[in-house]
Amino acid sequence: MLIGEVARRSGVTARMLRHYESIGLVRPTGRTGAGYREYSADDIRRIFHIESLRSLGLSLHDVGRALDDPGFAPEQLVGDLVRRTRERIAAQTALLTRLRRIGAARPAGWEDVLQTVALLRALESRSTGARQRAALSTAREGSVPVAALAEAVLGESDPHVAGALRWALARAGGEAIEPLARGLGAPEPEVRVRAVRSLAEIPVDRATALLRDTLADPDTAVREYAALALGERGAADAAEPLIAMIVEARSDADAADALTALARDPALAERIATGLVVRLARGAAVPSARRRLTQALADIPGDTATRALTELAEDEDRVVALTAAYVLTVRAAR
C-alpha cells in the first residue's frame with residue numbers, strides 16, 4: 001500500500017508518516033519500482049499501534065520504547081501519565097475558574113479584565129500583606145469577582161486578611177450569599193466557621209436563614225458563631241444556644257451581650273430570663289457557672305429577672321448573693 005492510501009485509511013498525514021520514518025519509528029517494508037514507499041500489513045498495524053499509544057499521551061520516544069523494547073514495563077510510565085494528566089486537568093480547571101470569575105465581574109473593557117486578573121493573582125499570593133491589600137483594594141474597583149473573594153475567605157487562615165475579606169464581601173451584600181453558603185457544606189469545621197463569620201456580616205434575610213440552619217451544625221464553634229450572629233439580629237432561636245454558652249464558659253461575655261441585644265424585645269426578655277432561671281434552678285455543675293448566669297440576668301429587663309435576682313441576693317454562694325444584690329441596687333436606681 002502506497003503512502004497516500006495509508007494516510008487516507010489511517011488518518012495519519014503523509015508528512016507525519018515521513019517523520020515516523022525519519023526517526024525510525026516505522027519504516028515501510030519495501031519500495032515500488034518507481035521508488036515509492038510501500039507499506040505492508042504489519043507496517044499498517046504498527047502505525048495503528050503508534051496512534052493508539054499516542055492517544056494516551058505518550059511521547060514518540062516512549063512509543064518507540066513500548067513497541068521495540070521487550071523489557072519495557074508500562075506500569076511506571078502509565079503512573080507518570082496519570083500524574084501529568086491530573087496536573088494538566090487541575091491547571092485547566094483553575095484557568096476555567098479564573099475565566100468564569102472574570103466573566104462574573106462583568107468587565108466593561110480590557111482594562112477591567114486586567115484589573116480583575118491582578119486582583120485574583122494578589123488573592124493567591126503567599127504574602128499576607130498582598131492578600132490583605134487586594135481585599136481592601138476592592139473598595140476602589142468598579143467590578144469585583146465576588147465568588148473569588150468568597151473562596152478566598154473560606155480558605156484564609158490569617159485573621160487580618162480574613163477580616164479584610166469579610167469586609168469586602170459585606171460590601172457586596174446579597175451577591176456574596178450563595179458562594180458563602182457553599183462553604184457551610186464543607187467537611188472541614190474551620191471552613192464552615194469562616195462561612196458563618198462572613199455571613200454574620202451580611203444583614204440580609206437569606207443570610208439569617210442560613211445562620212439559623214447552622215445552629216444544628218455538629219461542630220460547637222460553628223454553632224456558637226451562628227448563635228452570636230443571630231442574637232445580634234434579634235433572632236429568638238439563638239436564646240437557648242447563647243444560654244448554654246454562658247453555662248459552659250464558651251465566649252460567655254459575648255453570649256451575654258448577645259442575650260442583652262435580644263432582650264430589647266420584651267417578649268424575648270421574659271423568655272431569656274426564664275431560660276436563665278431554669279438553668280440556675282437545675283443547679284449548674286460548678287459555682288462559677290451560677291455566677292455567670294447571675295451576671296447575665298443583670299441586663300435582662302422584666303419582672304422575671306427581677307424576682308430571680310431578689311432570690312439570688314439570699315443565695316448560699318456569697319459571690320452570687322453579692323452580685324445579685326448589687327444588680328438589684330443598680331436596677332432600682334434606673
# chains A, B, ... in the order shown; residues from 1 in each chain; ligands from 1
>>> residues_around(residues="Gly302 of chain A", least_positions_apart="2", cutoff="8 Å", atoms="only C-alpha atoms", output="VMD selection string")
chain A and resid 266 269 to 270 300 304 to 306
>>> write_last_selection(atoms="N, CA and C atoms", output="PDB file, in the first residue's frame")
ATOM      1  N   PRO A 266     -39.441  42.895  74.623  1.00  0.00           N
ATOM      2  CA  PRO A 266     -39.969  42.494  75.944  1.00  0.00           C
ATOM      3  C   PRO A 266     -40.385  41.029  76.020  1.00  0.00           C
ATOM      4  N   ALA A 269     -37.339  39.074  76.306  1.00  0.00           N
ATOM      5  CA  ALA A 269     -36.693  39.303  77.596  1.00  0.00           C
ATOM      6  C   ALA A 269     -37.224  38.333  78.639  1.00  0.00           C
ATOM      7  N   GLU A 270     -38.534  38.137  78.681  1.00  0.00           N
ATOM      8  CA  GLU A 270     -39.131  37.196  79.634  1.00  0.00           C
ATOM      9  C   GLU A 270     -38.691  35.770  79.337  1.00  0.00           C
ATOM     10  N   ILE A 300     -30.999  41.858  81.740  1.00  0.00           N
ATOM     11  CA  ILE A 300     -32.256  41.370  81.171  1.00  0.00           C
ATOM     12  C   ILE A 300     -33.405  42.075  81.882  1.00  0.00           C
ATOM     13  N   THR A 304     -39.526  38.841  85.652  1.00  0.00           N
ATOM     14  CA  THR A 304     -38.952  37.507  85.902  1.00  0.00           C
ATOM     15  C   THR A 304     -37.500  37.629  86.346  1.00  0.00           C
ATOM     16  N   ALA A 305     -36.734  38.465  85.663  1.00  0.00           N
ATOM     17  CA  ALA A 305     -35.328  38.659  86.033  1.00  0.00           C
ATOM     18  C   ALA A 305     -35.210  39.312  87.406  1.00  0.00           C
ATOM     19  N   THR A 306     -36.078  40.274  87.695  1.00  0.00           N
ATOM     20  CA  THR A 306     -36.029  40.965  88.990  1.00  0.00           C
ATOM     21  C   THR A 306     -36.328  40.001  90.139  1.00  0.00           C
TER      22      THR A 306
END
>>> residues_around(residues="segment 213-229 of chain A", least_positions_apart="6", cutoff="7 Å", atoms="only C-alpha atoms", output="ChimeraX atom specification")
/A:189,192-193,196-197,200,238,241-242,255,258
>>> residues_around(residues="His49 of chain A", least_positions_apart="5", cutoff="12 Å", atoms="only C-alpha atoms", output="ChimeraX atom specification")
/A:10,25-26,42-44,54-56,58,60,63-64,66-68
>>> write_last_selection(atoms="N, CA and C atoms", output="short mmCIF file (atom, residue, chain, number, x, y, z; two decimals), in the first residue's frame")
data_model
loop_
_atom_site.label_atom_id
_atom_site.label_comp_id
_atom_site.auth_asym_id
_atom_site.auth_seq_id
_atom_site.Cartn_x
_atom_site.Cartn_y
_atom_site.Cartn_z
N SER A 10 -5.52 5.52 7.52
CA SER A 10 -5.12 5.58 8.93
C SER A 10 -5.45 6.91 9.58
N LEU A 25 10.69 5.17 13.67
CA LEU A 25 9.54 4.62 14.40
C LEU A 25 8.79 3.59 13.57
N VAL A 26 8.64 3.86 12.28
CA VAL A 26 8.03 2.87 11.37
C VAL A 26 8.67 3.06 9.99
N ASP A 42 1.82 -5.50 8.19
CA ASP A 42 2.45 -5.33 9.51
C ASP A 42 2.82 -3.87 9.76
N ASP A 43 3.26 -3.18 8.68
CA ASP A 43 3.59 -1.76 8.83
C ASP A 43 2.35 -0.96 9.24
N ILE A 44 1.23 -1.26 8.60
CA ILE A 44 0.00 -0.52 8.88
C ILE A 44 -0.48 -0.83 10.30
N ARG A 54 -0.10 7.02 21.25
CA ARG A 54 -0.05 8.49 21.30
C ARG A 54 -1.33 9.06 21.90
N SER A 55 -2.46 8.38 21.69
CA SER A 55 -3.73 8.88 22.24
C SER A 55 -3.74 8.86 23.76
N LEU A 56 -2.83 8.07 24.35
CA LEU A 56 -2.72 8.03 25.81
C LEU A 56 -1.83 9.13 26.35
N LEU A 58 1.53 9.43 25.32
CA LEU A 58 2.93 9.05 25.26
C LEU A 58 3.65 9.88 24.21
N LEU A 60 6.64 10.32 21.32
CA LEU A 60 7.08 9.39 20.27
C LEU A 60 8.24 8.54 20.76
N VAL A 63 6.72 5.85 22.80
CA VAL A 63 6.01 4.92 21.91
C VAL A 63 6.99 3.93 21.32
N GLY A 64 8.15 4.44 20.86
CA GLY A 64 9.16 3.55 20.29
C GLY A 64 9.65 2.54 21.31
N ALA A 66 8.02 1.41 23.91
CA ALA A 66 6.93 0.48 24.21
C ALA A 66 6.83 -0.59 23.14
N LEU A 67 7.06 -0.22 21.89
CA LEU A 67 6.89 -1.18 20.79
C LEU A 67 8.12 -2.04 20.55
N ASP A 68 9.31 -1.52 20.88
CA ASP A 68 10.54 -2.21 20.47
C ASP A 68 11.35 -2.80 21.60
#
>>> atom_distance(atom1="atom CA of Leu180 of chain A", atom2="atom CA of Leu199 of chain A")
7.1 Å
